[in-house]
file start.cif (mmCIF, C-alpha atoms)
data_query
loop_
_atom_site.label_atom_id
_atom_site.label_comp_id
_atom_site.auth_asym_id
_atom_site.auth_seq_id
_atom_site.Cartn_x
_atom_site.Cartn_y
_atom_site.Cartn_z
CA MET A 9 38.16 61.82 -91.94
CA ARG A 10 36.95 64.84 -93.91
CA SER A 11 34.01 62.88 -95.21
CA LEU A 12 31.76 61.21 -92.69
CA PRO A 13 31.64 57.41 -92.86
CA THR A 14 28.49 55.43 -93.66
CA GLY A 15 25.34 56.90 -92.17
CA GLN A 16 25.98 60.45 -93.38
CA TYR A 17 22.89 62.48 -94.27
CA ILE A 18 22.00 62.44 -97.97
CA PRO A 19 19.69 65.34 -98.93
CA GLY A 20 16.44 64.36 -100.59
CA HIS A 21 12.68 64.86 -100.78
CA SER A 22 11.45 61.32 -100.26
CA PHE A 23 8.66 60.32 -97.85
CA LEU A 24 11.26 59.31 -95.27
CA HIS A 25 13.12 62.62 -95.66
CA ARG A 26 9.88 64.53 -95.08
CA LEU A 27 8.82 62.59 -91.98
CA ASP A 28 9.32 64.39 -88.66
CA ALA A 29 12.55 63.33 -86.94
CA ARG A 30 10.63 62.55 -83.71
CA ALA A 31 8.37 60.15 -85.60
CA LYS A 32 11.37 58.59 -87.35
CA ILE A 33 13.21 57.96 -84.06
CA LEU A 34 10.09 56.45 -82.46
CA CYS A 35 9.50 54.32 -85.57
CA LEU A 36 13.12 53.17 -85.40
CA PHE A 37 12.69 51.97 -81.81
CA ILE A 38 9.38 50.24 -82.60
CA LEU A 39 10.87 48.48 -85.63
CA MET A 40 13.97 47.52 -83.63
CA ALA A 41 11.63 45.88 -81.10
CA ALA A 42 9.89 44.10 -83.99
CA VAL A 43 13.24 42.81 -85.29
CA ILE A 44 14.40 41.64 -81.85
CA GLY A 45 10.99 40.09 -81.19
CA ALA A 46 10.95 38.12 -84.48
CA ALA A 47 10.98 34.42 -83.59
CA SER A 48 9.70 32.69 -86.71
CA LEU A 49 10.47 32.67 -90.41
CA TRP A 50 7.24 34.59 -91.08
CA GLY A 51 8.25 37.14 -88.45
CA TYR A 52 11.57 37.75 -90.19
CA ALA A 53 9.83 37.87 -93.59
CA LEU A 54 7.54 40.60 -92.23
CA VAL A 55 10.36 42.83 -90.96
CA LEU A 56 12.38 42.15 -94.11
CA VAL A 57 9.50 43.31 -96.32
CA ALA A 58 8.96 46.35 -94.08
CA ILE A 59 12.65 47.33 -94.31
CA ALA A 60 12.71 46.75 -98.09
CA LEU A 61 9.70 49.07 -98.40
CA LEU A 62 11.44 51.67 -96.25
CA VAL A 63 14.52 51.52 -98.51
CA LEU A 64 12.24 52.05 -101.53
CA LEU A 65 10.42 54.92 -99.80
CA SER A 66 13.72 56.58 -98.87
CA ARG A 67 14.73 56.68 -102.58
CA LEU A 68 18.31 56.07 -101.47
CA PRO A 69 20.61 53.94 -103.63
CA LEU A 70 20.48 50.33 -102.34
CA ARG A 71 24.28 50.39 -102.10
CA SER A 72 24.19 53.30 -99.64
CA ALA A 73 21.30 51.87 -97.65
CA VAL A 74 23.13 48.60 -96.95
CA ALA A 75 26.59 50.19 -96.74
CA PRO A 76 27.12 49.61 -92.97
CA VAL A 77 26.60 45.87 -93.45
CA ARG A 78 29.39 45.72 -96.03
CA GLY A 79 31.86 47.15 -93.52
CA VAL A 80 31.28 44.49 -90.85
CA TYR A 81 31.48 41.23 -92.81
CA TRP A 82 34.21 39.83 -90.57
CA PHE A 83 32.46 40.84 -87.41
CA LEU A 84 29.24 39.17 -88.58
CA LEU A 85 31.20 36.01 -89.37
CA VAL A 86 32.78 36.04 -85.89
CA ILE A 87 29.44 36.46 -84.09
CA PHE A 88 27.90 33.76 -86.28
CA LEU A 89 30.74 31.36 -85.42
CA MET A 90 30.64 32.23 -81.71
CA ASN A 91 26.92 31.52 -81.55
CA THR A 92 27.15 28.41 -83.69
CA LEU A 93 30.11 26.85 -81.88
CA PHE A 94 29.23 27.69 -78.27
CA PHE A 95 25.41 27.60 -78.24
CA GLY A 96 25.25 23.80 -78.00
CA GLY A 97 21.84 22.12 -77.96
CA GLU A 98 20.55 18.67 -78.83
CA ASP A 99 21.31 16.58 -81.98
CA VAL A 100 24.98 17.58 -82.12
CA LEU A 101 26.18 17.37 -85.73
CA ALA A 102 29.89 17.61 -84.88
CA SER A 103 31.99 18.34 -81.81
CA TRP A 104 35.63 19.23 -81.24
CA GLY A 105 36.81 19.93 -77.69
CA ILE A 106 34.65 22.67 -76.24
CA PHE A 107 33.10 23.43 -79.66
CA GLN A 108 29.80 21.90 -80.67
CA ILE A 109 27.84 22.34 -83.87
CA ALA A 110 24.13 21.72 -83.44
CA PRO A 111 21.08 22.85 -85.47
CA ALA A 112 19.99 25.07 -82.54
CA GLY A 113 23.40 26.79 -82.58
CA ILE A 114 23.29 27.37 -86.34
CA LYS A 115 19.77 28.78 -85.98
CA GLN A 116 20.90 31.06 -83.15
CA GLY A 117 23.88 32.22 -85.26
CA PHE A 118 21.62 33.15 -88.19
CA ARG A 119 19.17 34.82 -85.81
CA VAL A 120 21.80 37.04 -84.17
CA VAL A 121 23.45 37.96 -87.49
CA GLY A 122 20.02 38.65 -89.04
CA ASN A 123 19.07 40.93 -86.15
CA VAL A 124 22.35 42.85 -86.39
CA VAL A 125 22.06 43.30 -90.17
CA LEU A 126 18.43 44.49 -90.04
CA ILE A 127 19.05 46.92 -87.15
CA LEU A 128 22.14 48.27 -88.94
CA ILE A 129 20.05 49.03 -92.04
CA LEU A 130 17.28 50.64 -89.95
CA GLY A 131 19.75 52.90 -88.13
CA ASN A 132 21.39 53.79 -91.39
CA LEU A 133 18.07 54.77 -92.95
CA LEU A 134 17.41 57.16 -90.05
CA THR A 135 20.80 58.88 -90.23
CA MET A 136 20.81 59.06 -94.04
CA THR A 137 17.41 60.75 -94.20
CA THR A 138 17.64 63.04 -91.15
CA LEU A 139 19.87 66.05 -90.51
CA PRO A 140 21.95 65.78 -87.31
CA THR A 141 20.37 69.02 -86.01
CA GLN A 142 16.89 67.53 -86.56
CA VAL A 143 17.97 64.41 -84.67
CA THR A 144 19.12 66.53 -81.72
CA THR A 145 15.98 68.66 -81.65
CA ALA A 146 13.87 65.52 -81.84
CA LEU A 147 15.82 63.86 -79.03
CA ALA A 148 15.42 66.98 -76.88
CA SER A 149 11.70 66.91 -77.53
CA LEU A 150 11.39 63.17 -76.84
CA ILE A 151 13.18 63.38 -73.48
CA LYS A 152 10.88 66.17 -72.22
CA PRO A 153 8.78 63.77 -70.08
CA LEU A 154 11.93 63.04 -68.03
CA LYS A 155 11.42 66.51 -66.55
CA PHE A 156 8.86 64.99 -64.21
CA ILE A 157 11.51 62.86 -62.52
CA GLY A 158 13.81 65.84 -62.06
CA VAL A 159 15.99 65.58 -65.18
CA PRO A 160 16.87 69.10 -66.43
CA THR A 161 15.83 68.32 -70.01
CA GLU A 162 16.42 71.89 -71.26
CA ASP A 163 20.02 71.74 -70.07
CA VAL A 164 20.46 68.29 -71.59
CA ALA A 165 19.11 69.60 -74.91
CA LEU A 166 21.44 72.60 -74.75
CA ILE A 167 24.46 70.38 -74.01
CA ILE A 168 23.62 68.06 -76.93
CA SER A 169 23.07 70.99 -79.27
CA ILE A 170 26.42 72.59 -78.28
CA ALA A 171 28.11 69.19 -78.67
CA LEU A 172 26.75 69.00 -82.18
CA HIS A 173 28.12 72.42 -83.01
CA PHE A 174 31.52 71.46 -81.63
CA ILE A 175 31.85 68.40 -83.88
CA PRO A 176 32.96 70.07 -87.17
CA THR A 177 35.45 72.29 -85.30
CA PHE A 178 36.93 69.33 -83.42
CA MET A 179 37.10 67.31 -86.63
CA GLU A 180 39.11 70.04 -88.32
CA GLU A 181 41.44 70.44 -85.34
CA THR A 182 41.93 66.70 -84.96
CA GLU A 183 42.82 66.43 -88.64
CA LEU A 184 45.35 69.27 -88.28
CA ILE A 185 46.93 67.71 -85.19
CA LYS A 186 47.03 64.32 -86.93
CA MET A 187 48.82 65.81 -89.94
CA ALA A 188 51.26 67.61 -87.65
CA GLN A 189 52.04 64.39 -85.77
CA ILE A 190 52.50 62.45 -89.04
CA ALA A 191 54.95 65.16 -90.12
CA ARG A 192 56.78 64.60 -86.81
CA GLY A 193 57.03 60.86 -87.53
CA ALA A 194 53.93 59.36 -85.87
CA ARG A 195 53.14 55.97 -87.42
CA PHE A 196 49.36 55.58 -87.28
CA GLU A 197 49.35 52.83 -89.89
CA SER A 198 52.14 50.76 -88.33
CA ARG A 199 51.55 47.03 -87.95
CA LYS A 200 53.26 47.05 -84.54
CA LEU A 201 50.81 47.48 -81.67
CA SER A 202 53.35 49.40 -79.59
CA GLU A 203 53.96 51.91 -82.41
CA ARG A 204 50.24 52.35 -82.98
CA ALA A 205 49.66 52.90 -79.27
CA ALA A 206 52.56 55.34 -79.15
CA SER A 207 51.09 57.30 -82.05
CA PHE A 208 47.73 57.46 -80.25
CA ILE A 209 48.99 59.46 -77.25
CA PRO A 210 50.47 62.52 -79.02
CA LEU A 211 47.21 62.85 -80.94
CA VAL A 212 44.75 62.51 -78.08
CA VAL A 213 46.36 64.84 -75.50
CA PRO A 214 46.56 67.96 -77.77
CA VAL A 215 43.03 67.26 -79.05
CA PHE A 216 41.69 67.31 -75.48
CA ILE A 217 43.63 70.42 -74.48
CA SER A 218 42.42 72.23 -77.60
CA ALA A 219 38.80 71.09 -77.02
CA PHE A 220 38.89 72.21 -73.38
CA ARG A 221 40.33 75.60 -74.40
CA ARG A 222 37.38 76.09 -76.75
CA ALA A 223 34.94 74.96 -74.06
CA ASP A 224 36.53 77.37 -71.58
CA ALA A 225 36.27 80.29 -74.00
CA LEU A 226 32.63 79.50 -74.82
CA ALA A 227 31.65 79.11 -71.15
CA LEU A 228 33.34 82.41 -70.34
CA ALA A 229 31.55 84.17 -73.20
CA MET A 230 28.19 82.73 -72.15
CA GLU A 231 28.67 83.72 -68.51
CA ALA A 232 29.86 87.20 -69.51
CA ARG A 233 26.63 87.65 -71.48
CA GLY A 234 24.59 86.71 -68.42
CA TYR A 235 23.64 83.17 -69.41
CA ARG A 236 22.49 81.20 -66.38
CA ASN A 237 20.36 78.22 -67.42
CA ALA A 238 18.32 76.85 -70.30
CA LYS A 239 15.06 76.57 -68.36
CA ASN A 240 13.37 79.71 -69.67
CA ARG A 241 14.47 79.52 -73.30
CA THR A 242 11.85 79.53 -76.03
CA LYS A 243 11.98 77.94 -79.48
CA ARG A 244 11.48 79.68 -82.80
CA GLU A 245 9.92 76.67 -84.48
CA LYS A 246 7.19 74.56 -82.95
CA ALA A 247 6.18 72.01 -85.57
CA PRO A 248 3.55 69.52 -84.44
CA LEU A 249 3.43 65.99 -85.88
CA VAL A 250 1.29 65.75 -89.03
CA ALA A 251 -0.96 63.00 -90.38
CA GLY A 252 1.90 61.31 -92.26
CA ASP A 253 3.93 61.02 -89.05
CA TYR A 254 1.02 59.47 -87.17
CA CYS A 255 0.40 57.06 -90.08
CA ALA A 256 4.06 55.94 -90.04
CA LEU A 257 3.90 55.39 -86.27
CA MET A 258 0.69 53.39 -86.59
CA VAL A 259 2.09 51.18 -89.36
CA CYS A 260 5.23 50.48 -87.31
CA ALA A 261 3.14 49.72 -84.21
CA LEU A 262 1.00 47.37 -86.34
CA ILE A 263 4.12 45.54 -87.57
CA CYS A 264 5.23 45.15 -83.96
CA LEU A 265 1.79 43.88 -82.96
CA VAL A 266 1.63 41.35 -85.83
CA GLN A 267 5.09 40.18 -84.77
CA ILE A 268 3.67 39.19 -81.37
CA PHE A 269 0.99 37.05 -83.04
CA LEU A 270 3.56 35.42 -85.33
CA ARG A 271 5.59 34.14 -82.38
CA PRO A 272 5.40 30.34 -82.16
CA MET B 19 36.36 70.90 -58.55
CA SER B 20 33.58 72.74 -56.76
CA LYS B 21 34.75 75.99 -58.33
CA LEU B 22 33.51 74.94 -61.78
CA SER B 23 30.34 76.84 -62.61
CA SER B 24 27.28 74.98 -63.86
CA VAL B 25 27.61 76.66 -67.28
CA LYS B 26 31.22 75.56 -67.57
CA ARG B 27 30.36 72.01 -66.51
CA SER B 28 27.68 71.95 -69.22
CA ILE B 29 30.04 73.23 -71.91
CA ILE B 30 32.85 70.85 -70.91
CA THR B 31 30.35 67.97 -71.04
CA ALA B 32 29.26 69.16 -74.50
CA ALA B 33 32.93 69.18 -75.57
CA CYS B 34 33.37 65.64 -74.22
CA ILE B 35 30.24 64.47 -76.08
CA GLY B 36 31.62 66.11 -79.24
CA LEU B 37 34.90 64.25 -78.72
CA CYS B 38 32.96 60.98 -78.31
CA VAL B 39 31.89 61.48 -81.93
CA VAL B 40 35.15 62.88 -83.32
CA LEU B 41 37.76 60.58 -81.73
CA PRO B 42 36.38 57.29 -83.14
CA MET B 43 36.26 58.97 -86.56
CA ALA B 44 39.86 60.15 -86.19
CA PHE B 45 40.93 56.61 -85.38
CA HIS B 46 38.76 55.03 -88.05
CA ALA B 47 41.76 55.04 -90.39
CA ILE B 48 43.97 53.22 -87.89
CA PRO B 49 43.42 49.47 -88.29
CA ASN B 50 41.35 47.97 -85.45
CA ALA B 51 41.77 51.14 -83.34
CA GLY B 52 38.18 51.12 -82.11
CA THR B 53 38.57 47.79 -80.31
CA LEU B 54 42.19 48.27 -79.31
CA PHE B 55 42.07 51.79 -77.88
CA SER B 56 38.34 52.43 -77.20
CA PRO B 57 38.75 56.16 -77.89
CA MET B 58 35.16 56.96 -76.89
CA HIS B 59 35.79 55.90 -73.29
CA ILE B 60 38.31 58.66 -72.56
CA PRO B 61 35.96 61.69 -72.90
CA VAL B 62 33.32 59.92 -70.79
CA LEU B 63 35.80 59.20 -67.99
CA LEU B 64 37.03 62.80 -68.16
CA ALA B 65 33.49 64.21 -68.03
CA GLY B 66 32.81 62.15 -64.90
CA LEU B 67 36.06 63.19 -63.23
CA ILE B 68 35.92 66.88 -64.09
CA CYS B 69 32.21 67.71 -64.09
CA GLY B 70 30.74 65.17 -61.67
CA TRP B 71 28.68 62.00 -61.82
CA SER B 72 25.53 63.49 -63.38
CA PHE B 73 27.46 65.04 -66.27
CA GLY B 74 29.54 61.87 -66.64
CA LEU B 75 26.34 59.85 -66.85
CA LEU B 76 24.94 62.22 -69.48
CA CYS B 77 28.16 62.04 -71.50
CA GLY B 78 28.13 58.23 -71.26
CA LEU B 79 24.59 58.12 -72.62
CA ALA B 80 24.65 60.96 -75.14
CA GLY B 81 28.16 60.36 -76.55
CA PRO B 82 27.64 56.89 -78.05
CA LEU B 83 24.02 57.67 -78.95
CA LEU B 84 24.96 60.78 -80.91
CA SER B 85 27.93 59.03 -82.50
CA ALA B 86 25.73 56.12 -83.60
CA LEU B 87 23.10 58.46 -85.02
CA ILE B 88 25.58 60.69 -86.85
CA THR B 89 28.37 58.38 -87.96
CA GLY B 90 26.96 54.89 -87.52
CA MET B 91 29.70 54.06 -84.98
CA PRO B 92 28.99 52.10 -82.85
CA PRO B 93 26.39 50.29 -85.00
CA LEU B 94 22.91 50.45 -83.45
CA ALA B 95 22.99 46.72 -82.76
CA TYR B 96 25.81 47.14 -80.20
CA LEU B 97 24.65 50.51 -78.95
CA PRO B 98 22.55 49.35 -75.95
CA SER B 99 25.39 47.44 -74.25
CA MET B 100 27.80 50.27 -74.98
CA LEU B 101 25.37 52.83 -73.54
CA VAL B 102 25.17 50.82 -70.32
CA GLU B 103 28.94 50.43 -70.13
CA LEU B 104 29.79 54.07 -70.80
CA ALA B 105 27.01 55.40 -68.58
CA ALA B 106 28.41 53.29 -65.73
CA TYR B 107 31.93 54.62 -66.43
CA GLY B 108 30.81 58.25 -66.27
CA LEU B 109 28.59 57.74 -63.25
CA VAL B 110 30.99 55.66 -61.13
CA CYS B 111 34.03 57.73 -62.10
CA GLY B 112 32.29 60.94 -61.01
CA LEU B 113 30.94 59.42 -57.80
CA MET B 114 34.29 57.92 -56.82
CA PHE B 115 36.18 61.13 -57.52
CA GLU B 116 33.74 63.00 -55.29
CA LEU B 117 34.01 60.42 -52.51
CA VAL B 118 37.72 59.54 -52.56
CA ARG B 119 40.00 62.18 -51.04
CA THR B 120 43.48 60.93 -50.25
CA GLU B 121 45.08 64.41 -50.52
CA LYS B 122 47.01 63.04 -53.50
CA LEU B 123 45.62 63.87 -56.94
CA TYR B 124 47.00 60.83 -58.76
CA ALA B 125 45.87 58.41 -56.04
CA ASP B 126 42.32 59.86 -56.24
CA LEU B 127 42.39 59.62 -60.03
CA TYR B 128 43.67 56.04 -60.18
CA ILE B 129 41.29 54.74 -57.49
CA SER B 130 38.33 56.37 -59.26
CA LEU B 131 39.43 55.12 -62.68
CA VAL B 132 40.12 51.53 -61.68
CA VAL B 133 36.81 51.23 -59.81
CA ALA B 134 34.93 52.84 -62.72
CA LEU B 135 36.58 50.64 -65.36
CA LEU B 136 35.75 47.51 -63.37
CA ALA B 137 32.21 48.63 -62.52
CA GLY B 138 31.45 49.56 -66.14
CA ARG B 139 32.62 46.18 -67.39
CA ILE B 140 30.69 44.28 -64.73
CA VAL B 141 27.49 46.27 -65.35
CA ALA B 142 27.80 45.84 -69.13
CA GLY B 143 28.45 42.11 -68.69
CA ILE B 144 25.38 41.72 -66.48
CA ALA B 145 23.28 43.74 -68.93
CA LYS B 146 24.44 41.55 -71.81
CA ALA B 147 23.84 38.32 -69.91
CA LEU B 148 20.39 39.31 -68.71
CA LEU B 149 19.07 41.56 -71.47
CA PHE B 150 20.91 42.03 -74.73
CA SER B 151 22.31 38.54 -75.31
CA ALA B 152 20.26 36.58 -72.80
CA GLY B 153 20.97 32.86 -73.03
CA SER B 154 23.89 33.18 -75.43
CA TYR B 155 26.44 35.03 -73.28
CA SER B 156 29.12 33.35 -71.19
CA LEU B 157 31.80 34.32 -68.69
CA ALA B 158 34.43 33.40 -71.29
CA ALA B 159 32.87 35.76 -73.83
CA TRP B 160 32.77 38.54 -71.19
CA THR B 161 36.42 38.06 -70.20
CA THR B 162 37.52 37.97 -73.83
CA SER B 163 35.58 41.02 -74.98
CA TYR B 164 36.15 43.22 -71.92
CA PHE B 165 39.68 42.28 -70.82
CA VAL B 166 41.65 40.12 -73.28
CA LEU B 167 40.83 42.05 -76.48
CA THR B 168 40.79 45.48 -74.87
CA TRP B 169 43.83 45.41 -72.59
CA PRO B 170 45.63 48.05 -74.71
CA ALA B 171 42.62 50.34 -74.15
CA ILE B 172 42.77 49.78 -70.38
CA VAL B 173 46.50 50.58 -70.30
CA ILE B 174 46.03 53.68 -72.47
CA GLN B 175 43.10 54.93 -70.38
CA LEU B 176 45.02 54.46 -67.13
CA ALA B 177 48.02 56.27 -68.61
CA LEU B 178 46.20 59.03 -70.46
CA VAL B 179 43.26 60.11 -68.34
CA PRO B 180 45.26 61.17 -65.24
CA ALA B 181 47.82 62.84 -67.52
CA ILE B 182 45.09 64.82 -69.31
CA VAL B 183 43.46 65.88 -66.01
CA ALA B 184 46.85 67.02 -64.68
CA ALA B 185 47.60 68.85 -67.95
CA LEU B 186 44.22 70.61 -67.83
CA MET B 187 44.83 71.68 -64.23
CA LYS B 188 48.31 72.90 -65.14
CA ALA B 189 46.87 74.88 -68.06
CA LYS B 190 44.31 76.38 -65.59
CA LEU B 191 41.44 75.13 -67.74
CA ILE B 192 39.95 73.36 -64.70
CA PRO B 193 40.47 74.21 -61.00
CA GLU B 194 43.17 72.48 -58.94
CA ARG B 195 41.81 69.70 -56.69
CA TYR B 196 44.33 70.41 -53.91
CA PRO B 197 45.44 74.03 -54.47
CA ALA B 198 47.57 74.21 -51.32
CA ALA B 199 49.71 71.25 -52.36
CA ALA B 200 50.42 72.70 -55.82
#

call {"tool": "encode", "arguments": {"input": "start.cif", "output": "structure tokens"}}
result
Amino acid sequence: MRSLPTGQYIPGHSFLHRLDARAKILCLFILMAAVIGAASLWGYALVLVAIALLVLLSRLPLRSAVAPVRGVYWFLLVIFLMNTLFFGGEDVLASWGIFQIAPAGIKQGFRVVGNVVLILILGNLLTMTTLPTQVTTALASLIKPLKFIGVPTEDVALIISIALHFIPTFMEETELIKMAQIARGARFESRKLSERAASFIPLVVPVFISAFRRADALALAMEARGYRNAKNRTKREKAPLVAGDYCALMVCALICLVQIFLRP
Amino acid sequence: MSKLSSVKRSIITAACIGLCVVLPMAFHAIPNAGTLFSPMHIPVLLAGLICGWSFGLLCGLAGPLLSALITGMPPLAYLPSMLVELAAYGLVCGLMFELVRTEKLYADLYISLVVALLAGRIVAGIAKALLFSAGSYSLAAWTTSYFVLTWPAIVIQLALVPAIVAALMKAKLIPERYPAAA
């Protein structure tokens, strides 16, 4: 647990690393829409080329870029089989009870698995080239328009930023509690479901109590220093989007637009 | 619960969001723990119960989103349905706990939890059927993924969440719901 799993930020100076986090998050959503909207072979070829280019531009090792896909082989197989066997359709190739294998089902299976794989790689590229703090700041900036419908966006941003600062502390404490429970005989790796469930409880309860103690102390300290709300806070850095960010957004929007024309 | 200040509600929600990221990582090493125990659900339910529906909703949205962006869990492909499910848990749990007052803490907690767990699953199922897996989602798939495969998570949540709330009240980290009865 000391090292983050796949998706951890890898420092670098590539084009993707230098892009503004707000632009990267928006690009991610646009490209996700392009992937989900792909309905033809040419459509998939387009998003595949775009993602391959992004991997090249990120200068990340290919192994790291596709790492999340390697971890979910079995899951991908299950969703492929579920779609293939239950989708049905005409020209049934084989059937067995409630299961039916038809070309439409196989196509749907490949489509769903393809979408999952491509979106996994896109998400991974964002998290591997963007610092978590940049992601939070960008999210806070992107949700600002919600202010007009009464959402306290400054408070939301503050909560997310404090959450982010809590994570390393909680990780350390959870690890300590886990070690202590293993020393007391907890069997996290047991094959028996009941033993695994039993080992879960003595870990979770102390973690929550410890987290709430920290939250209580921090809230008390903030109130004692006169903190009331986040509405009137100012930011030290105000970096506007630059030409490169706008270019990236335009290219992604173009890919999405072309995808619409490629639909059969 | 009304005695909790807005600052404290915010910080507790932040802690719950932090736990949404940390708990799945802690259980990453335990085989199949994510599916079996759904560790991310517990902080969301707690945020709804302790801080109210708006904070529960925020925790349900921000927790999985932040976890996906930082650790890649849940993968972005499953994130939308999980966001809907967890947001419904936080929202309904908070609303129910505000509305239900039986003068018995555990009865309030269990009613709120059961309604929230059902509502979250129903909302997520509808979202999957209509939006995220439109045309390829069935009642059998919903029952399997939300009840059959995750029954240990339901049992653990029903056992743990009230116990944690009671423990937090006992430790005076959150105000008593019925101080006179204590």

call {"tool": "atom_distance", "arguments": {"input": "start.cif", "atom1": "CA of Ser156 (chain B)", "atom2": "CA of Ala46 (chain A)"}}
result
23.0 Å

call {"tool": "closest_residue", "arguments": {"input": "start.cif", "among": "A:Gly113, A:Gly105, A:Pro69, A:Gly20", "to": "chain B", "atoms": "only C-alpha atoms"}}
result
A:Gly113

call {"tool": "resolve_selection", "arguments": {"input": "start.cif", "expression": "the PyMOL selection byres ((chain B and resi 187) around 12)", "output": "PDB file with C-alpha atoms, keeping the file's coordinate frame"}}
result
ATOM      1  CA  ILE A 217      43.630  70.420 -74.480  1.00  0.00           C
ATOM      2  CA  PHE A 220      38.890  72.210 -73.380  1.00  0.00           C
ATOM      3  CA  ARG A 221      40.330  75.600 -74.400  1.00  0.00           C
TER       4      ARG A 221
ATOM      5  CA  MET B  19      36.360  70.900 -58.550  1.00  0.00           C
ATOM      6  CA  ILE B  68      35.920  66.880 -64.090  1.00  0.00           C
ATOM      7  CA  LEU B 123      45.620  63.870 -56.940  1.00  0.00           C
ATOM      8  CA  PRO B 180      45.260  61.170 -65.240  1.00  0.00           C
ATOM      9  CA  ALA B 181      47.820  62.840 -67.520  1.00  0.00           C
ATOM     10  CA  ILE B 182      45.090  64.820 -69.310  1.00  0.00           C
ATOM     11  CA  VAL B 183      43.460  65.880 -66.010  1.00  0.00           C
ATOM     12  CA  ALA B 184      46.850  67.020 -64.680  1.00  0.00           C
ATOM     13  CA  ALA B 185      47.600  68.850 -67.950  1.00  0.00           C
ATOM     14  CA  LEU B 186      44.220  70.610 -67.830  1.00  0.00           C
ATOM     15  CA  LYS B 188      48.310  72.900 -65.140  1.00  0.00           C
ATOM     16  CA  ALA B 189      46.870  74.880 -68.060  1.00  0.00           C
ATOM     17  CA  LYS B 190      44.310  76.380 -65.590  1.00  0.00           C
ATOM     18  CA  LEU B 191      41.440  75.130 -67.740  1.00  0.00           C
ATOM     19  CA  ILE B 192      39.950  73.360 -64.700  1.00  0.00           C
ATOM     20  CA  PRO B 193      40.470  74.210 -61.000  1.00  0.00           C
ATOM     21  CA  GLU B 194      43.170  72.480 -58.940  1.00  0.00           C
ATOM     22  CA  ARG B 195      41.810  69.700 -56.690  1.00  0.00           C
ATOM     23  CA  TYR B 196      44.330  70.410 -53.910  1.00  0.00           C
ATOM     24  CA  PRO B 197      45.440  74.030 -54.470  1.00  0.00           C
ATOM     25  CA  ALA B 200      50.420  72.700 -55.820  1.00  0.00           C
TER      26      ALA B 200
END

call {"tool": "resolve_selection", "arguments": {"input": "start.cif", "expression": "the PyMOL selection byres ((chain B and resi 135) around 10)", "output": "mmCIF file with C-alpha atoms, keeping the file's coordinate frame"}}
result
data_model
loop_
_atom_site.group_PDB
_atom_site.id
_atom_site.type_symbol
_atom_site.label_atom_id
_atom_site.label_comp_id
_atom_site.auth_asym_id
_atom_site.auth_seq_id
_atom_site.Cartn_x
_atom_site.Cartn_y
_atom_site.Cartn_z
ATOM 1 C CA HIS B 59 35.790 55.900 -73.290
ATOM 2 C CA LEU B 63 35.800 59.200 -67.990
ATOM 3 C CA GLU B 103 28.940 50.430 -70.130
ATOM 4 C CA LEU B 104 29.790 54.070 -70.800
ATOM 5 C CA ALA B 106 28.410 53.290 -65.730
ATOM 6 C CA TYR B 107 31.930 54.620 -66.430
ATOM 7 C CA GLY B 108 30.810 58.250 -66.270
ATOM 8 C CA VAL B 110 30.990 55.660 -61.130
ATOM 9 C CA CYS B 111 34.030 57.730 -62.100
ATOM 10 C CA SER B 130 38.330 56.370 -59.260
ATOM 11 C CA LEU B 131 39.430 55.120 -62.680
ATOM 12 C CA VAL B 132 40.120 51.530 -61.680
ATOM 13 C CA VAL B 133 36.810 51.230 -59.810
ATOM 14 C CA ALA B 134 34.930 52.840 -62.720
ATOM 15 C CA LEU B 136 35.750 47.510 -63.370
ATOM 16 C CA ALA B 137 32.210 48.630 -62.520
ATOM 17 C CA GLY B 138 31.450 49.560 -66.140
ATOM 18 C CA ARG B 139 32.620 46.180 -67.390
ATOM 19 C CA ILE B 140 30.690 44.280 -64.730
ATOM 20 C CA TYR B 164 36.150 43.220 -71.920
ATOM 21 C CA ILE B 172 42.770 49.780 -70.380
ATOM 22 C CA GLN B 175 43.100 54.930 -70.380
ATOM 23 C CA LEU B 176 45.020 54.460 -67.130
#

call {"tool": "atom_distance", "arguments": {"input": "start.cif", "atom1": "CA of Pro61 (chain B)", "atom2": "CA of Val215 (chain A)"}}
result
10.9 Å

call {"tool": "closest_residue", "arguments": {"input": "start.cif", "among": "B:Cys69, B:Ala177, B:Leu94, B:Leu149", "to": "Phe37 (chain A)", "atoms": "all atoms listed in the file"}}
result
B:Leu94

call {"tool": "atom_distance", "arguments": {"input": "start.cif", "atom1": "CA of Leu257 (chain A)", "atom2": "CA of Ala148 (chain A)"}}
result
18.8 Å

call {"tool": "resolve_selection", "arguments": {"input": "start.cif", "expression": "the PyMOL selection byres ((chain A and resi 249) around 9)", "output": "ChimeraX atom specification"}}
result
/A:27-28,30-31,247-248,250-254

call {"tool": "write_last_selection", "arguments": {"input": "start.cif", "atoms": "C-alpha atoms", "output": "mmCIF file, keeping the file's coordinate frame"}}
result
data_model
loop_
_atom_site.group_PDB
_atom_site.id
_atom_site.type_symbol
_atom_site.label_atom_id
_atom_site.label_comp_id
_atom_site.auth_asym_id
_atom_site.auth_seq_id
_atom_site.Cartn_x
_atom_site.Cartn_y
_atom_site.Cartn_z
ATOM 1 C CA LEU A 27 8.820 62.590 -91.980
ATOM 2 C CA ASP A 28 9.320 64.390 -88.660
ATOM 3 C CA ARG A 30 10.630 62.550 -83.710
ATOM 4 C CA ALA A 31 8.370 60.150 -85.600
ATOM 5 C CA ALA A 247 6.180 72.010 -85.570
ATOM 6 C CA PRO A 248 3.550 69.520 -84.440
ATOM 7 C CA VAL A 250 1.290 65.750 -89.030
ATOM 8 C CA ALA A 251 -0.960 63.000 -90.380
ATOM 9 C CA GLY A 252 1.900 61.310 -92.260
ATOM 10 C CA ASP A 253 3.930 61.020 -89.050
ATOM 11 C CA TYR A 254 1.020 59.470 -87.170
#
